[in-house]
Every structure is written in structure tokens, then in C-alpha cells.
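Notes for the one structure printed next.
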Amino acid sequence: MSKMFEITDKPISMEDIVKKVERREAGAITTFIGTVREFTKGKRTLYLKYEAYVPMAEKKLAEIGSEIKEKWPDAHVAISHRIGKLDIKDIAVVIAVSTPHRKDAYEANEYAIERIKQIVPIWKKEHWEDGDMWIGDQLETTSYPSGKPEGLE
Amino acid sequence: MSKMFEITDKPISMEDIVKKVERREAGAITTFIGTVREFTKGKRTLYLKYEAYVPMAEKKLAEIGSEIKEKWPDAHVAISHRIGKLDIKDIAVVIAVSTPHRKDAYEANEYAIERIKQIVPIWKKEHWEDGDMWIGDQLETTSYPSGKPEGLE
Amino acid sequence: MIKVLLFSYLQEAAGAGQLEIDSEQLTVLQLKEKLNKEYELTNLQQVMVAINEEYATDEQIIASGDTVALIPPVSGG
Amino acid sequence: MIKVLLFSYLQEAAGAGQLEIDSEQLTVLQLKEKLNKEYELTNLQQVMVAINEEYATDEQIIASGDTVALIPPVSGG
């Protein structure tokens, strides 16, 4: 059976992830598709590399699934994150959430991406025309002001 | 060229709609996929029929696109809504929004589905085991308390 | 001549998807009253009207040559 | 023996993805100090530590046989 929460080194098909959450009782499905952006603050990316601590990352993705189940009991969630070399426009992550009511599908989906950026051990290395750098967080610094990821229990 | 806002009587491929908004500058794509739900308040749906005033519906979808462009200038939006007979789990509507920043992609997407339910001339007829009914609005009554769709300028 | 398009339950109630009203000019409200009297379409106060694919108010004028659509509460999405 | 996994820039800084620390028991903070001294890994106060795939605080005890991972600020998604 296919995993609801997975780290993969293969291209991600959004339709496959959506299929994992499709149900006869759920009329609303939201997806978030994170792709590799060419320009970030005017800087041109050539390609990216993602690296993960795979077993822990899959565990943390599943944990996000459990958190969502607590907050939105009717939601079904599937998340796939790709690792390895990704080119511009390649899909890095797909989050699919199905719920009976659409409001929940948006909220739970956004919650998932926020949590991924806080607790899932995945790292991105940007390769620009003039060099490369491991990206430490969404502000593109490598430090956490609080000394640890926000929102961590 | 494929239309960004369309009413179609053919099955909708979510990947096709997503492709319409993919860009090298946009790292975040959200989709909303509305599917035919089998049970609504305990009542079993066998299938649905959607009908539209097609030229006006496409015009109103494009108008929603313009509204979004005003509120979220960086967003690109594509919407396809299917009409005709749909079975359980069939896709009725796909909304895809790409933006450089993910928060906007969620907000603009949710705005689109809310507006569709207010101003786009599409009607759903539910076919249950024990009969059928045109669905007047999301509360499944056929009247608007205010005499016209909310949020209509 | 004004062309009137009907959808959803109104189409079933009238037994036709399209009517032709022989009138040079009338307001949206007057059209609704006419349809109520001549075609027994009820509860039209719940129904929006579009003139040439744009929503219109009860006071707006419909002229010969216009295409009018009766828009019952929508339920797409 | 404690197994220490390194990722991202720490892996490049140490020149290895995995280290083995010959110790029966030490706290997370002690491990960080040890890695700083013996492997010249700097700025470890910004780095989270996971013991057997769970985030741990500086005070938590690491015992021989545990797998520890240094988790620099994450950037998935």
C-alpha cells in the first residue's frame, strides 16, 4: 500500500497524492504544490538539492498528520516531499487534504506546510550562477532567534 | 490556447489546470478540487447534473480572476467547472492559483471558490435514491434571505 | 422582441429553456410580473436577472433585442 | 558508542555524514561541546538534536547505543 507520508527521490505526481485522500464522503480536496522557483529576491537559481534525515522526516510528516487529525477530525492528509536534485519548476512537495467541508481543507492544508517548515528534517541547498548555499530557514539565514524551531513542543 | 476560465462538459484533469498557472517565478501552487460527495447530511446521492448559462458563467469566472488580480497582483488563476452528468467522486471544479508566496495562494484560492458559489450561473441537480432536486444554494434551500446573492456588487 | 433564457427549476416549470416576449421595453420587475402572470413562474423575487450576461436590478430597463436570463440561486462549485 | 548523524552544512563541515563517539553517557549539551572541540563544528547552539529520531533538549541524556542526529535549521517545503 502506498504511504500517506513519504520522502521520495522520484518525481512526484500530484494526481497520485490526491488519489490517496479521495473519498466518497469528502467533497473538498485542497492541494499545495511547492515547486522550485527560478528567482528568489532577484537571485537566479539554477537547481536545488534537497536532503533529508529520511526515517525521522517521514515520522515527523506522520506526526503532522496526527496533529491535523486532532484539530480537524474529518480530514484525510497525504504528503510527499522529494529529495535529490530538482530543476526549476520541479515539484518539491505535494500536500493533499480532503474534508467534507472546504474551509477545513484550506486550513488543514496551510497548517501542514507551516509545520513542515518548522519540524521536518529536510534541507535545501540552492545552486546559483555564482555559488551555492544551504538554506537555513525561510528567512534565508541560518539561525533561529529562539534557538529552536518555533512551534516545537 | 487553452482557456484560463472555462465551463466544460468533459472530465477535468487537475494536472492540465495546474499547468496553466505554472511559472518559473511562482513557487507555490494551491488547488481546490470539488468532487461529487456521496452523502450529504445522511442522504445518499446517486449522481448529479450540473447546468450552466455557459457564456455568462465563463465571463463571471474571468471576472473572479480579475478580482483576484486586484487583491493579489502576483497571483495567476485558472478555473474549470464541469457540467452535465457527474458520478460520485467525479471532479466538478478545479481552481489552481500560483503565487510567489504561499499565503496568497491559499487566500486567493479560497476567495475564488466563495465567489463561484455567489455569482457564477451554474446549477446543481441532485439525484437521490428517492427523487431529485435542484439545489438552490449551499444551505440547500432555494431562497436567498437578502433576495440576491451575498457579496454581489 | 426580448429573449428570455430559463435555467434549473424555472426551465422545468416553464417547460422551455427559452421564451420570447413581445415587448419594446420594460423593467426587470415588469418582466418578472409578466412571467408570473403569463407563465405561472412563482417566487421570482428569489431569482436574479441578467441582461446581456450582466446582473441587473429590478429597476433596470430591458429593451427589444436584449437577451435576459433568469438566474435562480446558483449552486456551482 | 554513540552514533551521530550529520546533515546539510554540518556534514560538509565535518567531512562526514556520520561520526562515532566513544562514550557511555552524556547530555546533549556535553555532546555539542565535544563536537565543537574535537570536530570544530561551530554555532551548534542553533542546531537541534534528535535522539533516536525525536527532538531533545540540551539537558537530555544520550546513552551508548543511541542514534543522535544534528538538525540544522530545516528548509523543506
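Here's how to read the names in the C-alpha cells: chain A, B, ... by the order shown, residue numbers from 1 in each chain, ligand numbers from 1 in the order shown.
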Check your understanding: Near Val47 of chain D, counting only C-alpha atoms, which residues have an atom at most 7 Å away, once you skip same-chain residues fewer than 4 positions from it, shown as a PyMOL selection string?
Key -> chain D and resi 70-73
Keeping only N, CA and C atoms, write the selected residues as a JSON list (two decimals), in the first residue's frame.
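Contents of again.json, as written:
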[["chain", "number", "residue", "atom", "x", "y", "z"],
["D", 70, "LEU", "N", 22.20, 15.64, 14.37],
["D", 70, "LEU", "CA", 22.25, 17.10, 14.48],
["D", 70, "LEU", "C", 21.37, 17.67, 13.38],
["D", 71, "ILE", "N", 20.43, 18.50, 13.79],
["D", 71, "ILE", "CA", 19.42, 19.01, 12.85],
["D", 71, "ILE", "C", 19.58, 20.53, 12.71],
["D", 72, "PRO", "N", 20.32, 20.97, 11.70],
["D", 72, "PRO", "CA", 20.38, 22.42, 11.46],
["D", 72, "PRO", "C", 18.99, 22.93, 11.09],
["D", 73, "PRO", "N", 18.80, 24.24, 11.19],
["D", 73, "PRO", "CA", 17.50, 24.81, 10.80],
["D", 73, "PRO", "C", 17.01, 24.20, 9.49]]
**Study point:** Residues near Ile33 of chain A, cut-off 7 Å, only C-alpha atoms, skip fewer than 4 positions along chain, as a list in words
**Key:**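 That gives Ile91, Val93, Val94 and Ile95 of chain A; Ala28, Ile29 and Thr30 of chain B.
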**Study point:** Long-range neighbours of Asp22 of chain D as an MDAnalysis selection string, 10 Å cut-off, only C-alpha atoms, 6 positions minimum in chain
**Key:** chainID D and resid 1:3 64
**Study point:** Residue list (helix (DSSP H, G or I), DSSP) for chain C, as a VMD selection string
**Key:** chain C and resid 8 to 14 28 to 39 44 to 46
Practice item. Give the strand (DSSP E or B) residues of segment 13-143 of chain A, as DSSP finds them on the backbone, and put them as a PyMOL selection string. Key: chain A and resi 28-35+39-40+43-52+76-82+84-87+91-99+122-128+131-135
Review point. Pick the closest to Ala50 of chain C from B:Arg115, B:Val120, B:Leu48, B:Ile17: which is it, counting only C-alpha atoms?
Key: B:Val120
Review point. Using only C-alpha atoms, which of the listed residues (B:Leu46, B:Arg37, B:Val21, B:Ala96) sits closest to His81 of chain B?
Key: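 Nearest to His81 of chain B: B:Ala96.
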Please identify every residue of chain C that has at least one atom no farther than 10 Å from an atom of chain B, counting only C-alpha atoms, and for each give the shortest atom pair and the distance in Å to one decimal, arranged by chain then increasing number, as a tab-separated table.
residue	atom	partner	partner_atom	distance
C:Leu5	CA	B:Tyr53	CA	8.7
C:Leu6	CA	B:Tyr53	CA	9.0
C:Phe7	CA	B:Tyr53	CA	7.6
C:Ser8	CA	B:Trp123	CA	6.3
C:Tyr9	CA	B:Trp134	CA	6.3
C:Leu10	CA	B:Trp134	CA	9.9
C:Asn43	CA	B:Ser143	CA	8.9
C:Leu44	CA	B:Gly147	CA	9.7
C:Gln45	CA	B:Gly147	CA	6.5
C:Gln46	CA	B:Gly147	CA	5.3
C:Val47	CA	B:Lys148	CA	7.4
C:Met48	CA	B:Lys148	CA	6.5
C:Val49	CA	B:Lys148	CA	9.8
C:Ala50	CA	B:Met56	CA	8.9
C:Asn52	CA	B:Met56	CA	8.5
C:Glu53	CA	B:Met56	CA	5.1
C:Glu54	CA	B:Met56	CA	7.6
C:Tyr55	CA	B:Leu152	CA	9.0
C:Thr57	CA	B:Lys148	CA	9.7
C:Ala69	CA	B:Tyr53	CA	8.4
C:Leu70	CA	B:Pro121	CA	9.7
C:Ile71	CA	B:Pro121	CA	6.6
C:Pro72	CA	B:Gly136	CA	7.0
C:Pro73	CA	B:Gly136	CA	4.9
C:Val74	CA	B:Trp123	CA	5.3
C:Ser75	CA	B:Trp123	CA	4.8
C:Gly76	CA	B:Ile122	CA	4.8
C:Gly77	CA	B:Val93	CA	5.8
The coordinates of chain B, once least-squares superposed on chain A over all sequentially paired C-alpha atoms, should be supplied as an mmCIF file with C-alpha atoms, in the first residue's frame.
data_model
loop_
_atom_site.group_PDB
_atom_site.id
_atom_site.type_symbol
_atom_site.label_atom_id
_atom_site.label_comp_id
_atom_site.auth_asym_id
_atom_site.auth_seq_id
_atom_site.Cartn_x
_atom_site.Cartn_y
_atom_site.Cartn_z
ATOM 1 C CA MET B 1 -0.025 0.019 -0.005
ATOM 2 C CA SER B 2 1.196 3.488 -0.784
ATOM 3 C CA LYS B 3 2.461 5.571 2.103
ATOM 4 C CA MET B 4 0.431 8.602 3.171
ATOM 5 C CA PHE B 5 3.593 10.383 4.349
ATOM 6 C CA GLU B 6 6.701 9.850 2.310
ATOM 7 C CA ILE B 7 10.080 11.174 1.386
ATOM 8 C CA THR B 8 10.933 10.124 -2.145
ATOM 9 C CA ASP B 9 13.790 10.593 -4.574
ATOM 10 C CA LYS B 10 11.442 10.191 -7.554
ATOM 11 C CA PRO B 11 9.320 12.839 -9.311
ATOM 12 C CA ILE B 12 6.019 13.396 -7.516
ATOM 13 C CA SER B 13 2.731 13.030 -9.368
ATOM 14 C CA MET B 14 0.128 15.320 -7.825
ATOM 15 C CA GLU B 15 -2.660 13.044 -9.060
ATOM 16 C CA ASP B 16 -1.209 10.113 -7.138
ATOM 17 C CA ILE B 17 -1.165 12.116 -3.917
ATOM 18 C CA VAL B 18 -4.701 13.367 -4.446
ATOM 19 C CA LYS B 19 -5.880 9.799 -5.043
ATOM 20 C CA LYS B 20 -4.635 8.867 -1.579
ATOM 21 C CA VAL B 21 -7.131 11.212 0.082
ATOM 22 C CA GLU B 22 -10.089 10.835 -2.292
ATOM 23 C CA ARG B 23 -13.231 9.581 -0.573
ATOM 24 C CA ARG B 24 -16.903 9.286 -1.357
ATOM 25 C CA GLU B 25 -17.750 11.355 1.742
ATOM 26 C CA ALA B 26 -15.354 14.206 1.027
ATOM 27 C CA GLY B 27 -16.377 16.827 -1.484
ATOM 28 C CA ALA B 28 -13.447 19.173 -0.963
ATOM 29 C CA ILE B 29 -9.803 18.459 -1.686
ATOM 30 C CA THR B 30 -7.100 21.086 -1.419
ATOM 31 C CA THR B 31 -3.565 20.628 -2.566
ATOM 32 C CA PHE B 32 -0.427 22.600 -2.001
ATOM 33 C CA ILE B 33 2.248 22.124 -4.618
ATOM 34 C CA GLY B 34 5.648 23.575 -3.829
ATOM 35 C CA THR B 35 7.797 23.979 -6.912
ATOM 36 C CA VAL B 36 11.335 25.158 -7.454
ATOM 37 C CA ARG B 37 11.299 28.889 -8.089
ATOM 38 C CA GLU B 38 13.834 30.376 -10.477
ATOM 39 C CA PHE B 39 14.145 33.768 -8.801
ATOM 40 C CA THR B 40 14.274 34.514 -5.079
ATOM 41 C CA LYS B 41 14.836 38.168 -4.255
ATOM 42 C CA GLY B 42 16.299 38.748 -7.699
ATOM 43 C CA LYS B 43 18.803 35.897 -7.401
ATOM 44 C CA ARG B 44 18.634 33.225 -10.104
ATOM 45 C CA THR B 45 18.527 29.614 -8.998
ATOM 46 C CA LEU B 46 19.928 27.035 -11.427
ATOM 47 C CA TYR B 47 18.792 23.984 -9.472
ATOM 48 C CA LEU B 48 18.291 22.777 -5.901
ATOM 49 C CA LYS B 49 19.292 19.836 -3.846
ATOM 50 C CA TYR B 50 17.117 18.578 -1.027
ATOM 51 C CA GLU B 51 18.483 16.284 1.623
ATOM 52 C CA ALA B 52 16.520 14.639 4.435
ATOM 53 C CA TYR B 53 17.025 12.543 7.517
ATOM 54 C CA VAL B 54 14.578 10.168 5.877
ATOM 55 C CA PRO B 55 13.199 7.974 8.682
ATOM 56 C CA MET B 56 12.759 10.909 11.045
ATOM 57 C CA ALA B 57 11.325 13.100 8.284
ATOM 58 C CA GLU B 58 8.660 10.511 7.454
ATOM 59 C CA LYS B 59 7.917 10.156 11.149
ATOM 60 C CA LYS B 60 7.519 13.920 11.523
ATOM 61 C CA LEU B 61 5.270 14.101 8.453
ATOM 62 C CA ALA B 62 3.088 11.413 10.017
ATOM 63 C CA GLU B 63 3.114 13.396 13.254
ATOM 64 C CA ILE B 64 1.796 16.428 11.354
ATOM 65 C CA GLY B 65 -0.912 14.100 10.061
ATOM 66 C CA SER B 66 -1.824 13.184 13.646
ATOM 67 C CA GLU B 67 -1.882 16.830 14.710
ATOM 68 C CA ILE B 68 -4.259 17.567 11.848
ATOM 69 C CA LYS B 69 -6.450 14.609 12.785
ATOM 70 C CA GLU B 70 -6.791 16.113 16.261
ATOM 71 C CA LYS B 71 -7.654 19.590 15.036
ATOM 72 C CA TRP B 72 -9.770 18.536 12.044
ATOM 73 C CA PRO B 73 -11.049 15.022 12.801
ATOM 74 C CA ASP B 74 -12.707 14.611 9.387
ATOM 75 C CA ALA B 75 -9.591 15.471 7.399
ATOM 76 C CA HIS B 76 -7.535 12.953 5.451
ATOM 77 C CA VAL B 77 -3.994 14.037 4.637
ATOM 78 C CA ALA B 78 -1.216 12.789 2.381
ATOM 79 C CA ILE B 79 2.185 14.440 2.000
ATOM 80 C CA SER B 80 5.088 13.613 -0.299
ATOM 81 C CA HIS B 81 8.364 15.491 -0.260
ATOM 82 C CA ARG B 82 11.041 14.901 -2.853
ATOM 83 C CA ILE B 83 14.768 14.844 -2.186
ATOM 84 C CA GLY B 84 17.794 14.873 -4.491
ATOM 85 C CA LYS B 85 18.459 17.244 -7.379
ATOM 86 C CA LEU B 86 15.482 19.303 -8.564
ATOM 87 C CA ASP B 87 15.309 21.626 -11.538
ATOM 88 C CA ILE B 88 13.308 24.829 -11.903
ATOM 89 C CA LYS B 89 9.549 24.119 -11.836
ATOM 90 C CA ASP B 90 10.046 20.593 -10.450
ATOM 91 C CA ILE B 91 7.675 19.657 -7.652
ATOM 92 C CA ALA B 92 9.370 19.571 -4.237
ATOM 93 C CA VAL B 93 6.317 18.868 -2.102
ATOM 94 C CA VAL B 94 2.655 17.990 -2.506
ATOM 95 C CA ILE B 95 0.164 18.178 0.363
ATOM 96 C CA ALA B 96 -3.358 16.879 -0.281
ATOM 97 C CA VAL B 97 -6.194 17.242 2.228
ATOM 98 C CA SER B 98 -9.740 16.014 1.790
ATOM 99 C CA THR B 99 -12.587 17.048 4.069
ATOM 100 C CA PRO B 100 -16.372 17.095 3.899
ATOM 101 C CA HIS B 101 -16.259 20.903 4.277
ATOM 102 C CA ARG B 102 -14.005 23.106 2.241
ATOM 103 C CA LYS B 103 -12.963 25.604 4.913
ATOM 104 C CA ASP B 104 -11.270 22.796 6.853
ATOM 105 C CA ALA B 105 -9.477 21.609 3.729
ATOM 106 C CA TYR B 106 -7.797 24.998 3.316
ATOM 107 C CA GLU B 107 -6.948 25.435 6.987
ATOM 108 C CA ALA B 108 -5.558 21.948 7.499
ATOM 109 C CA ASN B 109 -3.513 22.205 4.334
ATOM 110 C CA GLU B 110 -1.927 25.503 5.333
ATOM 111 C CA TYR B 111 -1.246 24.113 8.784
ATOM 112 C CA ALA B 112 0.621 21.202 7.189
ATOM 113 C CA ILE B 113 2.997 23.353 5.149
ATOM 114 C CA GLU B 114 3.719 25.623 8.129
ATOM 115 C CA ARG B 115 4.580 22.608 10.274
ATOM 116 C CA ILE B 116 6.749 21.076 7.551
ATOM 117 C CA LYS B 117 8.827 24.239 7.578
ATOM 118 C CA GLN B 118 9.171 23.986 11.352
ATOM 119 C CA ILE B 119 9.806 20.387 12.312
ATOM 120 C CA VAL B 120 10.592 18.134 9.361
ATOM 121 C CA PRO B 121 14.322 17.445 8.943
ATOM 122 C CA ILE B 122 14.754 18.370 5.291
ATOM 123 C CA TRP B 123 17.369 20.765 3.988
ATOM 124 C CA LYS B 124 17.608 22.687 0.785
ATOM 125 C CA LYS B 125 20.815 23.671 -0.957
ATOM 126 C CA GLU B 126 20.407 26.418 -3.514
ATOM 127 C CA HIS B 127 22.701 26.410 -6.518
ATOM 128 C CA TRP B 128 23.013 29.841 -8.082
ATOM 129 C CA GLU B 129 25.086 31.086 -10.983
ATOM 130 C CA ASP B 130 27.707 32.383 -8.566
ATOM 131 C CA GLY B 131 27.784 29.686 -5.917
ATOM 132 C CA ASP B 132 25.694 27.565 -3.625
ATOM 133 C CA MET B 133 24.392 27.673 -0.067
ATOM 134 C CA TRP B 134 22.491 25.538 2.401
ATOM 135 C CA ILE B 135 19.301 27.386 3.238
ATOM 136 C CA GLY B 136 18.739 27.505 6.935
ATOM 137 C CA ASP B 137 15.158 28.609 7.136
ATOM 138 C CA GLN B 138 12.538 30.573 5.286
ATOM 139 C CA LEU B 139 14.273 33.872 6.006
ATOM 140 C CA GLU B 140 17.372 32.496 4.366
ATOM 141 C CA THR B 141 19.476 32.982 7.402
ATOM 142 C CA THR B 142 20.905 30.015 9.222
ATOM 143 C CA SER B 143 19.895 30.894 12.732
ATOM 144 C CA TYR B 144 16.751 30.588 14.787
ATOM 145 C CA PRO B 145 16.302 33.632 17.043
ATOM 146 C CA SER B 146 14.788 31.423 19.719
ATOM 147 C CA GLY B 147 17.449 28.745 19.402
ATOM 148 C CA LYS B 148 14.946 26.200 18.173
ATOM 149 C CA PRO B 149 12.222 25.888 15.572
ATOM 150 C CA GLU B 150 9.155 27.908 16.454
ATOM 151 C CA GLY B 151 6.064 25.997 17.328
ATOM 152 C CA LEU B 152 8.019 23.007 18.532
ATOM 153 C CA GLU B 153 6.501 21.441 21.598
#
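Computed from the coordinates, the atom CA of Val68 of chain C to atom CA of Leu31 of chain C distance equals 9.7 Å.
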Practice item. Report the distance between atom CA of Ser23 of chain D and atom CA of Asp66 of chain D in Å, rounded to one decimal place. Key: 10.7 Å
Exercise for review: Work out how far apart atom CA of Glu40 of chain D and atom CA of Ala14 of chain D are and give it in Å to one decimal.
Suggested key: 7.8 Å
**Study point:** Selection near Tyr39 of chain D, 10 Å with only C-alpha atoms, sequence-local residues under 2 positions removed, as a ChimeraX atom specification
**Key:** /D:13-15,19,33-37,41-42
